[in-house]
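This is model14.cif. It holds mmCIF, C-alpha atoms.
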```
data_target
loop_
_atom_site.label_atom_id
_atom_site.label_comp_id
_atom_site.auth_asym_id
_atom_site.auth_seq_id
_atom_site.Cartn_x
_atom_site.Cartn_y
_atom_site.Cartn_z
CA MET A 1 11.76 5.97 -14.00
CA ARG A 2 11.81 7.03 -17.65
CA PHE A 3 12.68 3.48 -18.67
CA LEU A 4 9.16 2.39 -17.67
CA VAL A 5 7.45 4.55 -20.30
CA GLN A 6 10.28 5.04 -22.80
CA PRO A 7 12.24 1.82 -22.87
CA ASN A 8 15.15 2.03 -25.30
CA PRO A 9 18.54 0.26 -25.21
CA ALA A 10 20.55 3.23 -23.92
CA VAL A 11 18.10 4.05 -21.14
CA MET A 12 17.73 0.38 -20.16
CA ASP A 13 21.50 -0.01 -20.03
CA ARG A 14 21.83 2.91 -17.63
CA ALA A 15 18.93 1.66 -15.53
CA ARG A 16 20.15 -1.92 -15.16
CA PRO A 17 22.60 -1.48 -12.22
CA PRO A 18 20.19 0.41 -9.91
CA VAL A 19 17.35 -1.90 -10.91
CA ARG A 20 19.44 -4.93 -10.03
CA ALA A 21 20.46 -3.34 -6.72
CA PHE A 22 16.80 -2.71 -5.97
CA LEU A 23 15.93 -6.30 -6.88
CA GLY A 24 18.64 -7.52 -4.51
CA PHE A 25 17.13 -5.53 -1.67
CA ALA A 26 13.63 -6.73 -2.57
CA ALA A 27 14.87 -10.32 -2.29
CA LEU A 28 16.50 -9.50 1.06
CA LEU A 29 13.22 -7.98 2.26
CA LEU A 30 11.31 -11.14 1.33
CA VAL A 31 13.86 -13.43 3.00
CA GLY A 32 13.89 -11.16 6.04
CA TRP A 33 10.10 -11.23 6.20
CA VAL A 34 10.11 -15.04 6.25
CA ALA A 35 12.84 -15.04 8.93
CA SER A 36 10.92 -12.51 11.00
CA ARG A 37 7.73 -14.56 10.93
CA ALA A 38 9.69 -17.71 11.75
CA ALA A 39 11.39 -15.97 14.68
CA HIS A 40 7.98 -14.90 16.03
CA GLY A 41 6.65 -18.44 15.69
CA ALA A 42 4.19 -17.41 12.97
CA LEU A 43 5.12 -20.25 10.62
CA THR A 44 3.49 -22.98 12.71
CA PRO A 45 -0.26 -23.30 13.32
CA ASP A 46 0.21 -23.35 17.11
CA GLY A 47 2.48 -20.32 17.10
CA LEU A 48 0.13 -18.41 14.82
CA ALA A 49 -2.88 -19.24 16.98
CA ARG A 50 -0.99 -18.00 20.06
CA ILE A 51 0.04 -14.72 18.42
CA LEU A 52 -3.40 -13.97 17.05
CA GLU A 53 -5.38 -15.12 20.09
CA PRO A 54 -7.87 -12.32 20.87
CA SER A 55 -7.99 -10.91 24.38
CA PRO A 56 -11.33 -11.11 26.21
CA GLY A 57 -13.77 -8.65 24.65
CA GLU A 58 -11.92 -8.35 21.33
CA ARG A 59 -14.94 -9.27 19.25
CA PHE A 60 -13.36 -8.15 15.97
CA GLY A 61 -10.10 -9.99 16.47
CA PRO A 62 -6.92 -8.87 18.18
CA LEU A 63 -5.44 -5.47 17.42
CA ALA A 64 -2.19 -7.26 16.53
CA LEU A 65 -3.94 -8.89 13.58
CA TRP A 66 -5.25 -5.57 12.24
CA GLU A 67 -1.82 -4.01 12.64
CA GLU A 68 -0.21 -6.93 10.84
CA VAL A 69 -2.64 -6.63 7.91
CA HIS A 70 -2.09 -2.83 7.87
CA GLN A 71 1.69 -3.22 7.57
CA GLY A 72 1.61 -6.33 5.41
CA ALA A 73 -0.70 -4.76 2.81
CA PHE A 74 1.65 -1.76 2.59
CA LEU A 75 4.66 -4.00 1.93
CA TYR A 76 2.84 -6.24 -0.53
CA GLY A 77 1.39 -3.22 -2.34
CA PHE A 78 4.75 -1.63 -3.03
CA LEU A 79 6.42 -4.93 -3.91
CA LEU A 80 3.65 -5.82 -6.37
CA LEU A 81 3.71 -2.37 -7.95
CA THR A 82 7.48 -2.10 -8.32
CA LEU A 83 8.20 -5.70 -9.35
CA GLY A 84 5.15 -5.86 -11.63
CA SER A 85 6.09 -2.57 -13.30
CA LEU A 86 9.67 -3.75 -13.86
CA LEU A 87 8.35 -6.91 -15.51
CA VAL A 88 6.41 -4.75 -17.98
CA VAL A 89 9.68 -3.57 -19.56
CA CYS A 90 11.30 -7.01 -19.36
CA PRO A 91 11.12 -9.30 -22.40
CA VAL A 92 8.69 -11.75 -20.81
CA ALA A 93 5.35 -12.94 -22.18
CA PRO A 94 2.36 -10.91 -20.94
CA GLY A 95 0.80 -14.18 -19.77
CA LEU A 96 3.77 -14.97 -17.53
CA ARG A 97 3.93 -11.37 -16.27
CA ASN A 98 0.23 -11.20 -15.42
CA GLY A 99 0.32 -14.74 -14.01
CA LEU A 100 3.11 -13.87 -11.60
CA VAL A 101 1.49 -10.62 -10.46
CA GLY A 102 -1.95 -12.24 -10.24
CA ALA A 103 -0.74 -15.28 -8.30
CA ALA A 104 1.27 -13.13 -5.89
CA THR A 105 -1.70 -10.79 -5.34
CA VAL A 106 -4.17 -13.60 -4.63
CA ALA A 107 -1.71 -15.39 -2.32
CA ALA A 108 -0.96 -12.10 -0.53
CA LEU A 109 -4.66 -11.42 0.02
CA VAL A 110 -5.20 -14.95 1.38
CA ASP A 111 -2.15 -14.51 3.63
CA LEU A 112 -3.49 -11.23 5.02
CA LEU A 113 -7.15 -12.19 5.32
CA ALA A 114 -7.11 -15.90 6.28
CA PRO A 115 -6.88 -15.19 10.05
CA PHE A 116 -10.24 -13.40 9.84
CA LEU A 117 -11.83 -16.78 9.08
CA HIS A 118 -10.96 -17.66 12.66
CA VAL A 119 -12.36 -14.33 13.88
CA VAL A 120 -15.65 -14.68 11.99
CA ARG A 121 -16.03 -18.38 12.79
CA PRO A 122 -13.92 -19.39 15.81
CA GLY A 123 -12.50 -22.83 15.30
CA PHE A 124 -12.58 -22.58 11.51
CA PRO A 125 -10.47 -25.57 10.47
CA GLY A 126 -7.21 -25.05 8.67
CA TRP A 127 -7.08 -21.23 8.72
CA ALA A 128 -3.54 -21.22 10.11
CA LEU A 129 -2.25 -23.69 7.53
CA LEU A 130 -4.02 -21.71 4.80
CA ARG A 131 -2.29 -18.56 5.98
CA ILE A 132 1.13 -20.16 6.25
CA GLY A 133 0.74 -21.78 2.83
CA ALA A 134 -0.44 -18.54 1.22
CA PHE A 135 2.50 -16.66 2.73
CA GLY A 136 4.83 -19.31 1.31
CA VAL A 137 3.25 -19.05 -2.15
CA ALA A 138 3.26 -15.23 -2.11
CA THR A 139 6.91 -15.12 -1.05
CA ALA A 140 7.97 -17.77 -3.56
CA VAL A 141 6.13 -16.07 -6.45
CA LEU A 142 7.56 -12.66 -5.54
CA LEU A 143 11.06 -14.16 -5.32
CA ALA A 144 10.48 -15.78 -8.72
CA THR A 145 9.41 -12.37 -10.05
CA VAL A 146 12.62 -10.86 -8.69
CA ALA A 147 14.62 -13.62 -10.39
CA VAL A 148 12.85 -13.17 -13.74
CA ALA A 149 13.32 -9.39 -13.62
CA TRP A 150 16.99 -9.82 -12.61
CA ALA A 151 17.66 -12.20 -15.49
CA THR A 152 15.76 -10.38 -18.22
CA PHE A 153 15.75 -6.65 -17.43
CA GLY A 154 17.41 -4.71 -20.23
CA ARG A 155 18.19 -7.80 -22.24
CA GLU A 156 15.83 -7.15 -25.09
CA PRO A 157 13.86 -3.98 -24.51
CA ARG A 158 10.59 -3.64 -26.29
CA ARG A 159 8.33 -0.67 -26.73
CA THR A 160 4.83 -2.12 -26.65
CA ASP A 161 3.18 -5.44 -26.13
CA GLY A 162 -0.47 -4.41 -25.91
CA MET B 1 -9.94 1.98 -25.02
CA VAL B 2 -7.26 2.34 -22.37
CA ASP B 3 -3.98 3.72 -23.69
CA PRO B 4 -1.78 0.67 -24.43
CA ARG B 5 1.13 2.27 -22.56
CA VAL B 6 -1.07 2.38 -19.45
CA ALA B 7 -2.79 -0.95 -20.15
CA ARG B 8 0.53 -2.78 -19.75
CA PHE B 9 0.64 -1.64 -16.13
CA THR B 10 -2.93 -2.65 -15.30
CA ALA B 11 -2.03 -5.75 -13.25
CA PRO B 12 0.58 -4.15 -10.95
CA VAL B 13 -1.45 -0.96 -10.55
CA ALA B 14 -4.63 -2.93 -9.75
CA ALA B 15 -2.68 -5.00 -7.19
CA PHE B 16 -1.29 -1.80 -5.67
CA ALA B 17 -4.75 -0.18 -5.52
CA THR B 18 -6.17 -3.29 -3.81
CA MET B 19 -3.43 -3.27 -1.19
CA VAL B 20 -3.75 0.49 -0.59
CA ALA B 21 -7.50 0.01 -0.08
CA LEU B 22 -6.67 -2.66 2.51
CA VAL B 23 -4.16 -0.34 4.20
CA MET B 24 -6.76 2.45 4.42
CA ALA B 25 -9.54 0.10 5.62
CA THR B 26 -7.40 -1.44 8.36
CA GLY B 27 -6.15 2.05 9.27
CA ALA B 28 -9.78 3.11 9.83
CA VAL B 29 -10.45 0.07 12.03
CA LEU B 30 -7.27 0.69 14.04
CA PHE B 31 -8.18 4.39 14.48
CA ALA B 32 -11.69 3.48 15.64
CA ARG B 33 -10.49 0.81 18.07
CA LYS B 34 -7.41 2.50 19.49
CA ILE B 35 -8.39 6.18 19.46
CA GLY B 36 -12.05 6.68 18.53
CA PHE B 37 -13.91 9.29 16.52
CA ASP B 38 -15.12 11.39 19.46
CA GLY B 39 -13.11 14.40 20.64
CA GLY B 40 -13.25 13.19 24.23
CA GLN B 41 -11.92 9.77 23.25
CA VAL B 42 -9.07 11.37 21.31
CA ARG B 43 -8.13 13.56 24.30
CA ALA B 44 -8.30 10.54 26.62
CA PHE B 45 -6.05 8.56 24.26
CA TYR B 46 -3.33 11.22 24.26
CA LEU B 47 -3.69 12.71 27.74
CA GLY B 48 -4.65 9.54 29.63
CA ALA B 49 -7.81 8.85 31.58
CA GLU B 50 -8.28 7.92 35.21
CA ALA B 51 -11.34 5.84 34.37
CA GLY B 52 -9.39 3.37 32.25
CA PHE B 53 -6.10 3.73 34.18
CA ALA B 54 -4.59 4.95 30.90
CA GLU B 55 -1.29 6.82 31.11
CA PRO B 56 -0.66 9.95 29.03
CA ARG B 57 1.27 9.21 25.86
CA SER B 58 5.00 9.76 26.17
CA LEU B 59 7.02 11.60 23.53
CA ALA B 60 8.83 8.34 22.75
CA GLY B 61 5.51 6.53 22.29
CA LEU B 62 4.20 9.24 19.96
CA LEU B 63 7.41 9.22 17.91
CA GLU B 64 7.31 5.43 17.64
CA VAL B 65 4.04 5.77 15.71
CA ALA B 66 4.75 9.06 13.92
CA VAL B 67 8.18 8.33 12.44
CA PRO B 68 7.19 5.26 10.35
CA HIS B 69 4.05 7.11 9.28
CA LEU B 70 6.13 10.12 8.20
CA LEU B 71 7.77 7.82 5.66
CA ALA B 72 4.88 5.54 4.74
CA VAL B 73 2.02 8.04 4.36
CA PRO B 74 3.81 10.54 2.08
CA LEU B 75 5.23 7.67 0.03
CA LEU B 76 1.79 6.15 -0.40
CA ILE B 77 0.22 9.49 -1.36
CA PHE B 78 3.09 10.41 -3.69
CA VAL B 79 2.92 7.13 -5.60
CA THR B 80 -0.87 7.08 -5.77
CA LEU B 81 -1.07 10.67 -7.04
CA HIS B 82 1.72 9.99 -9.50
CA LEU B 83 -0.15 6.99 -10.90
CA VAL B 84 -3.40 8.97 -11.18
CA ALA B 85 -1.60 11.83 -12.95
CA PHE B 86 0.04 9.34 -15.28
CA ALA B 87 -3.03 7.29 -16.09
CA SER B 88 -6.04 9.59 -15.87
CA GLY B 89 -7.00 12.71 -17.75
CA MET B 90 -7.81 14.69 -14.63
CA ARG B 91 -7.63 18.44 -15.04
CA ARG B 92 -4.91 20.38 -13.27
CA ARG B 93 -7.00 22.48 -10.85
CA PRO B 94 -9.19 19.72 -9.39
CA PHE B 95 -6.10 17.53 -9.20
CA ALA B 96 -4.15 20.20 -7.31
CA LEU B 97 -7.07 20.94 -5.00
CA LEU B 98 -7.67 17.31 -4.09
CA ALA B 99 -3.93 16.70 -3.73
CA GLY B 100 -3.63 19.73 -1.43
CA ILE B 101 -6.44 18.44 0.79
CA THR B 102 -4.82 14.99 0.92
CA TRP B 103 -1.38 16.32 1.81
CA GLY B 104 -2.85 18.76 4.34
CA CYS B 105 -4.90 16.05 6.06
CA ALA B 106 -1.90 13.71 6.14
CA GLY B 107 0.33 16.33 7.76
CA ALA B 108 -2.34 17.51 10.20
CA GLY B 109 -3.20 13.92 11.14
CA ILE B 110 0.36 13.02 12.00
CA LEU B 111 1.21 16.25 13.82
CA ALA B 112 -2.11 16.71 15.65
CA GLY B 113 -1.25 13.98 18.17
CA PHE B 114 1.78 15.96 19.36
CA ALA B 115 -0.25 19.17 19.49
CA ILE B 116 -3.04 17.55 21.51
CA ARG B 117 -0.61 16.01 23.97
CA PHE B 118 1.77 18.92 24.48
CA ALA B 119 0.08 22.13 23.32
CA TRP B 120 -3.68 22.31 23.09
CA PRO B 121 -5.95 19.33 23.88
CA TRP B 122 -8.90 21.01 22.17
CA LEU B 123 -7.34 20.24 18.81
CA ALA B 124 -8.81 16.72 19.14
CA PRO B 125 -11.55 17.34 16.54
CA LEU B 126 -8.83 18.40 14.08
CA LYS B 127 -7.22 14.97 14.48
CA VAL B 128 -10.52 13.28 13.64
CA ALA B 129 -11.24 15.64 10.74
CA ALA B 130 -7.75 15.13 9.31
CA PHE B 131 -8.09 11.37 9.51
CA VAL B 132 -11.54 11.34 7.90
CA GLY B 133 -10.33 13.76 5.21
CA LEU B 134 -7.33 11.60 4.42
CA GLN B 135 -9.48 8.48 4.19
CA ALA B 136 -12.08 10.18 1.99
CA THR B 137 -9.58 11.72 -0.42
CA MET B 138 -7.55 8.52 -0.66
CA LEU B 139 -10.76 6.67 -1.51
CA ALA B 140 -11.36 9.24 -4.25
CA TRP B 141 -7.81 8.79 -5.59
CA LEU B 142 -8.20 5.01 -5.65
CA LEU B 143 -11.52 5.29 -7.52
CA LEU B 144 -9.88 7.62 -10.05
CA LEU B 145 -6.99 5.20 -10.43
CA VAL B 146 -9.25 2.19 -10.96
CA ALA B 147 -11.39 4.17 -13.41
CA ALA B 148 -8.25 5.08 -15.36
CA ILE B 149 -6.94 1.54 -15.75
CA LEU B 150 -10.19 -0.34 -16.25
CA PRO B 151 -11.42 -0.58 -19.83
CA PRO B 152 -14.52 1.60 -20.27
CA ALA B 153 -17.90 0.01 -20.82
CA ARG B 154 -18.69 -0.71 -24.45
CA GLY B 155 -19.85 2.44 -26.21
CA ALA B 156 -18.89 4.73 -23.35
CA SER B 157 -16.55 7.55 -24.19
CA ARG B 158 -13.57 8.13 -21.97
CA SER B 159 -13.36 11.46 -20.18
CA GLY B 160 -9.99 13.14 -20.37
CA GLY B 161 -7.16 11.18 -21.84
CA LEU B 162 -3.48 11.01 -22.25
CA THR B 163 -1.57 13.56 -24.17
CA GLY B 164 1.78 12.99 -25.75
CA SER B 165 2.88 10.56 -28.36
CA GLU B 166 4.27 7.06 -28.25
CA ALA B 167 7.73 8.61 -28.03
CA ALA B 168 6.89 11.03 -25.23
CA PRO B 169 5.82 10.18 -21.69
CA PRO B 170 2.11 10.60 -21.10
CA ARG B 171 0.92 13.57 -19.11
CA ALA B 172 -2.39 14.41 -17.50
CA ALA B 173 -4.40 16.69 -19.74
CA ARG B 174 -4.14 20.29 -18.67
#
```
Since I need it in another form, could you write the structure as structure tokens?
Amino acid sequence: MRFLVQPNPAVMDRARPPVRAFLGFAALLLVGWVASRAAHGALTPDGLARILEPSPGERFGPLALWEEVHQGAFLYGFLLLTLGSLLVVCPVAPGLRNGLVGAATVAALVDLLAPFLHVVRPGFPGWALLRIGAFGVATAVLLATVAVAWATFGREPRRTDG
Amino acid sequence: MVDPRVARFTAPVAAFATMVALVMATGAVLFARKIGFDGGQVRAFYLGAEAGFAEPRSLAGLLEVAVPHLLAVPLLIFVTLHLVAFASGMRRRPFALLAGITWGCAGAGILAGFAIRFAWPWLAPLKVAAFVGLQATMLAWLLLLVAAILPPARGASRSGGLTGSEAAPPRAAR
């Protein structure tokens, strides 16, 4: 991890292969996450409504929803931290770096929290589409982050950018 | 002013802190809804209860929950503490004390379920105390982390600080 605080050409050169391997697995995780949701029917509004339908008496939404947010926030948190930190030592503009991390974070939060619109106000229109769209944006932005880090890591290390 | 070496990581660290806060908040809701904060409820969850036709937890069922948590919880604590040590000027003793409480609560929380089910049901309050302790200390760590990466208010001096030079990795002040 020394390359994060002391980026220099020799250290970055040594770090590139494991970083690229990690980025490959991060991309696989994202693709697998999309496939998993598709397999469970969570990428269609009807399927999503069926999965997250509360049982009688579940005033605060189904337990499955809370468990999904619990696990999803963990995954998003580590992806955002690791990919965002790698971008810091990549030769990309701070605006692009912060834009990618910011967009992914907002989309991830909407993905995780949109179903609660339906819990707070049953019948809230469009919550499922909002969730599916946010998941698509979050995944796409994170995959773009992986691609940027893959293409630029170690290419032109810099020490500070403010 | 925040150290520029730390400032570069503000966006990913803030995103991480937000998601960890969400993990802890949903964990609290899940604990309250599935187990409960009363000793009797905890015992009923693990040992079963005739009233609710609940079966005692099986070893396989306990392991199904414990094994992922044995990876996720230490990883979360390790990374959070590492970030706080890197970014804040927290002194060594309070850091070690708070870290010890966090690690102790995490271990006790995960293992207490097995102890309640198979050894001594009266350990139920320990399960609740460990969970509350973990939540409280993680909240403290997240506040420290946010305080370390946010720029201080104008005119306010920053407590602690990073040691080391541009060429050396920053360390928490001792």
Using all atoms listed in the file, find each residue in chain A having at least one atom no more than 9 Å away from chain B; report its shortest atom-to-atom pair and that distance in Å (one decimal), rows by chain then rising number, as JSON lines.
```
{"residue": "A:Arg2", "atom": "CA", "partner": "B:Pro169", "partner_atom": "CA", "distance": 7.9}
{"residue": "A:Val5", "atom": "CA", "partner": "B:Pro169", "partner_atom": "CA", "distance": 6.0}
{"residue": "A:Gln6", "atom": "CA", "partner": "B:Ala167", "partner_atom": "CA", "distance": 6.8}
{"residue": "A:Leu63", "atom": "CA", "partner": "B:Leu30", "partner_atom": "CA", "distance": 7.3}
{"residue": "A:Trp66", "atom": "CA", "partner": "B:Thr26", "partner_atom": "CA", "distance": 6.1}
{"residue": "A:Glu67", "atom": "CA", "partner": "B:Leu30", "partner_atom": "CA", "distance": 7.3}
{"residue": "A:Val69", "atom": "CA", "partner": "B:Thr26", "partner_atom": "CA", "distance": 7.1}
{"residue": "A:His70", "atom": "CA", "partner": "B:Val23", "partner_atom": "CA", "distance": 4.9}
{"residue": "A:Gln71", "atom": "CA", "partner": "B:Val23", "partner_atom": "CA", "distance": 7.3}
{"residue": "A:Gly72", "atom": "CA", "partner": "B:Val23", "partner_atom": "CA", "distance": 8.4}
{"residue": "A:Ala73", "atom": "CA", "partner": "B:Met19", "partner_atom": "CA", "distance": 5.1}
{"residue": "A:Phe74", "atom": "CA", "partner": "B:Val23", "partner_atom": "CA", "distance": 6.2}
{"residue": "A:Leu75", "atom": "CA", "partner": "B:Met19", "partner_atom": "CA", "distance": 8.7}
{"residue": "A:Tyr76", "atom": "CA", "partner": "B:Met19", "partner_atom": "CA", "distance": 7.0}
{"residue": "A:Gly77", "atom": "CA", "partner": "B:Phe16", "partner_atom": "CA", "distance": 4.5}
{"residue": "A:Phe78", "atom": "CA", "partner": "B:Phe16", "partner_atom": "CA", "distance": 6.6}
{"residue": "A:Leu79", "atom": "CA", "partner": "B:Phe16", "partner_atom": "CA", "distance": 8.5}
{"residue": "A:Leu80", "atom": "CA", "partner": "B:Pro12", "partner_atom": "CA", "distance": 5.8}
{"residue": "A:Leu81", "atom": "CA", "partner": "B:Pro12", "partner_atom": "CA", "distance": 4.7}
{"residue": "A:Thr82", "atom": "CA", "partner": "B:Pro12", "partner_atom": "CA", "distance": 7.7}
{"residue": "A:Leu83", "atom": "CA", "partner": "B:Pro12", "partner_atom": "CA", "distance": 7.9}
{"residue": "A:Gly84", "atom": "CA", "partner": "B:Pro12", "partner_atom": "CA", "distance": 4.9}
{"residue": "A:Ser85", "atom": "CA", "partner": "B:Pro12", "partner_atom": "CA", "distance": 6.2}
{"residue": "A:Val88", "atom": "CA", "partner": "B:Arg8", "partner_atom": "CA", "distance": 6.4}
{"residue": "A:Pro94", "atom": "CA", "partner": "B:Arg8", "partner_atom": "CA", "distance": 8.4}
{"residue": "A:Arg97", "atom": "CA", "partner": "B:Ala11", "partner_atom": "CA", "distance": 8.7}
{"residue": "A:Asn98", "atom": "CA", "partner": "B:Ala11", "partner_atom": "CA", "distance": 6.3}
{"residue": "A:Val101", "atom": "CA", "partner": "B:Pro12", "partner_atom": "CA", "distance": 6.6}
{"residue": "A:Gly102", "atom": "CA", "partner": "B:Ala11", "partner_atom": "CA", "distance": 7.2}
{"residue": "A:Thr105", "atom": "CA", "partner": "B:Ala15", "partner_atom": "CA", "distance": 6.2}
{"residue": "A:Leu109", "atom": "CA", "partner": "B:Met19", "partner_atom": "CA", "distance": 8.3}
{"residue": "A:Arg159", "atom": "CA", "partner": "B:Arg5", "partner_atom": "CA", "distance": 8.8}
{"residue": "A:Thr160", "atom": "CA", "partner": "B:Arg5", "partner_atom": "CA", "distance": 7.0}
{"residue": "A:Asp161", "atom": "CA", "partner": "B:Arg8", "partner_atom": "CA", "distance": 7.4}
{"residue": "A:Gly162", "atom": "CA", "partner": "B:Pro4", "partner_atom": "CA", "distance": 5.5}
```
Taking 5 positions as the minimum chain separation for residues in the same chain, which residues sit within 9 Å of segment 115-126 of chain A when counting only C-alpha atoms? Answer as a ChimeraX atom specification.
/A:45,49,52,54,59-62,65,110,131
Would you put the residues from that selection into a file with C-alpha atoms, as a PDB file, in the coordinates of the input?
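Produced file part_21.pdb, reproduced below:
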```
ATOM      1  CA  PRO A  45      -0.260 -23.300  13.320  1.00  0.00           C
ATOM      2  CA  ALA A  49      -2.880 -19.240  16.980  1.00  0.00           C
ATOM      3  CA  LEU A  52      -3.400 -13.970  17.050  1.00  0.00           C
ATOM      4  CA  PRO A  54      -7.870 -12.320  20.870  1.00  0.00           C
ATOM      5  CA  ARG A  59     -14.940  -9.270  19.250  1.00  0.00           C
ATOM      6  CA  PHE A  60     -13.360  -8.150  15.970  1.00  0.00           C
ATOM      7  CA  GLY A  61     -10.100  -9.990  16.470  1.00  0.00           C
ATOM      8  CA  PRO A  62      -6.920  -8.870  18.180  1.00  0.00           C
ATOM      9  CA  LEU A  65      -3.940  -8.890  13.580  1.00  0.00           C
ATOM     10  CA  VAL A 110      -5.200 -14.950   1.380  1.00  0.00           C
ATOM     11  CA  ARG A 131      -2.290 -18.560   5.980  1.00  0.00           C
TER      12      ARG A 131
END
```
Expanded to explicit residues, what is the PyMOL selection byres ((chain B and resi 123) around 12) for this file, as a PDB file with C-alpha atoms, in the frame of the given file?
```pdb
ATOM      1  CA  ASP B  38     -15.120  11.390  19.460  1.00  0.00           C
ATOM      2  CA  GLY B  39     -13.110  14.400  20.640  1.00  0.00           C
ATOM      3  CA  GLY B  40     -13.250  13.190  24.230  1.00  0.00           C
ATOM      4  CA  VAL B  42      -9.070  11.370  21.310  1.00  0.00           C
ATOM      5  CA  ARG B  43      -8.130  13.560  24.300  1.00  0.00           C
ATOM      6  CA  TYR B  46      -3.330  11.220  24.260  1.00  0.00           C
ATOM      7  CA  ALA B 108      -2.340  17.510  10.200  1.00  0.00           C
ATOM      8  CA  GLY B 109      -3.200  13.920  11.140  1.00  0.00           C
ATOM      9  CA  LEU B 111       1.210  16.250  13.820  1.00  0.00           C
ATOM     10  CA  ALA B 112      -2.110  16.710  15.650  1.00  0.00           C
ATOM     11  CA  GLY B 113      -1.250  13.980  18.170  1.00  0.00           C
ATOM     12  CA  PHE B 114       1.780  15.960  19.360  1.00  0.00           C
ATOM     13  CA  ALA B 115      -0.250  19.170  19.490  1.00  0.00           C
ATOM     14  CA  ILE B 116      -3.040  17.550  21.510  1.00  0.00           C
ATOM     15  CA  ARG B 117      -0.610  16.010  23.970  1.00  0.00           C
ATOM     16  CA  PHE B 118       1.770  18.920  24.480  1.00  0.00           C
ATOM     17  CA  ALA B 119       0.080  22.130  23.320  1.00  0.00           C
ATOM     18  CA  TRP B 120      -3.680  22.310  23.090  1.00  0.00           C
ATOM     19  CA  PRO B 121      -5.950  19.330  23.880  1.00  0.00           C
ATOM     20  CA  TRP B 122      -8.900  21.010  22.170  1.00  0.00           C
ATOM     21  CA  ALA B 124      -8.810  16.720  19.140  1.00  0.00           C
ATOM     22  CA  PRO B 125     -11.550  17.340  16.540  1.00  0.00           C
ATOM     23  CA  LEU B 126      -8.830  18.400  14.080  1.00  0.00           C
ATOM     24  CA  LYS B 127      -7.220  14.970  14.480  1.00  0.00           C
ATOM     25  CA  VAL B 128     -10.520  13.280  13.640  1.00  0.00           C
ATOM     26  CA  ALA B 129     -11.240  15.640  10.740  1.00  0.00           C
ATOM     27  CA  ALA B 130      -7.750  15.130   9.310  1.00  0.00           C
TER      28      ALA B 130
END
```
Would you compute the distance between atom CA of Glu64 of chain B and atom CA of Ile132 of chain A? Give it in Å to one decimal.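 Between these atoms lies a distance of 28.7 Å.
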Here atom CA of Thr137 of chain B and atom CA of Leu81 of chain B stand apart by 10.8 Å
Report as JSON the centre and the edge lengths, in Å to one decimal, of the axis-aligned box holding every listed atom of segment 85-100 of chain B, padded by 4 Å on each side.
```
{"center_x": -4.6, "center_y": 14.9, "center_z": -9.6, "size_x": 17.2, "size_y": 23.2, "size_z": 24.3}
```
I need the residue set behind the PyMOL selection byres ((chain A and resi 135) around 9) for this file; please write it as a ChimeraX atom specification.
-> /A:34,107-108,110-112,130-134,136-140
Atom pair atom CA of Ser88 of chain B + atom CA of Ala147 of chain B, distance 8.0 Å
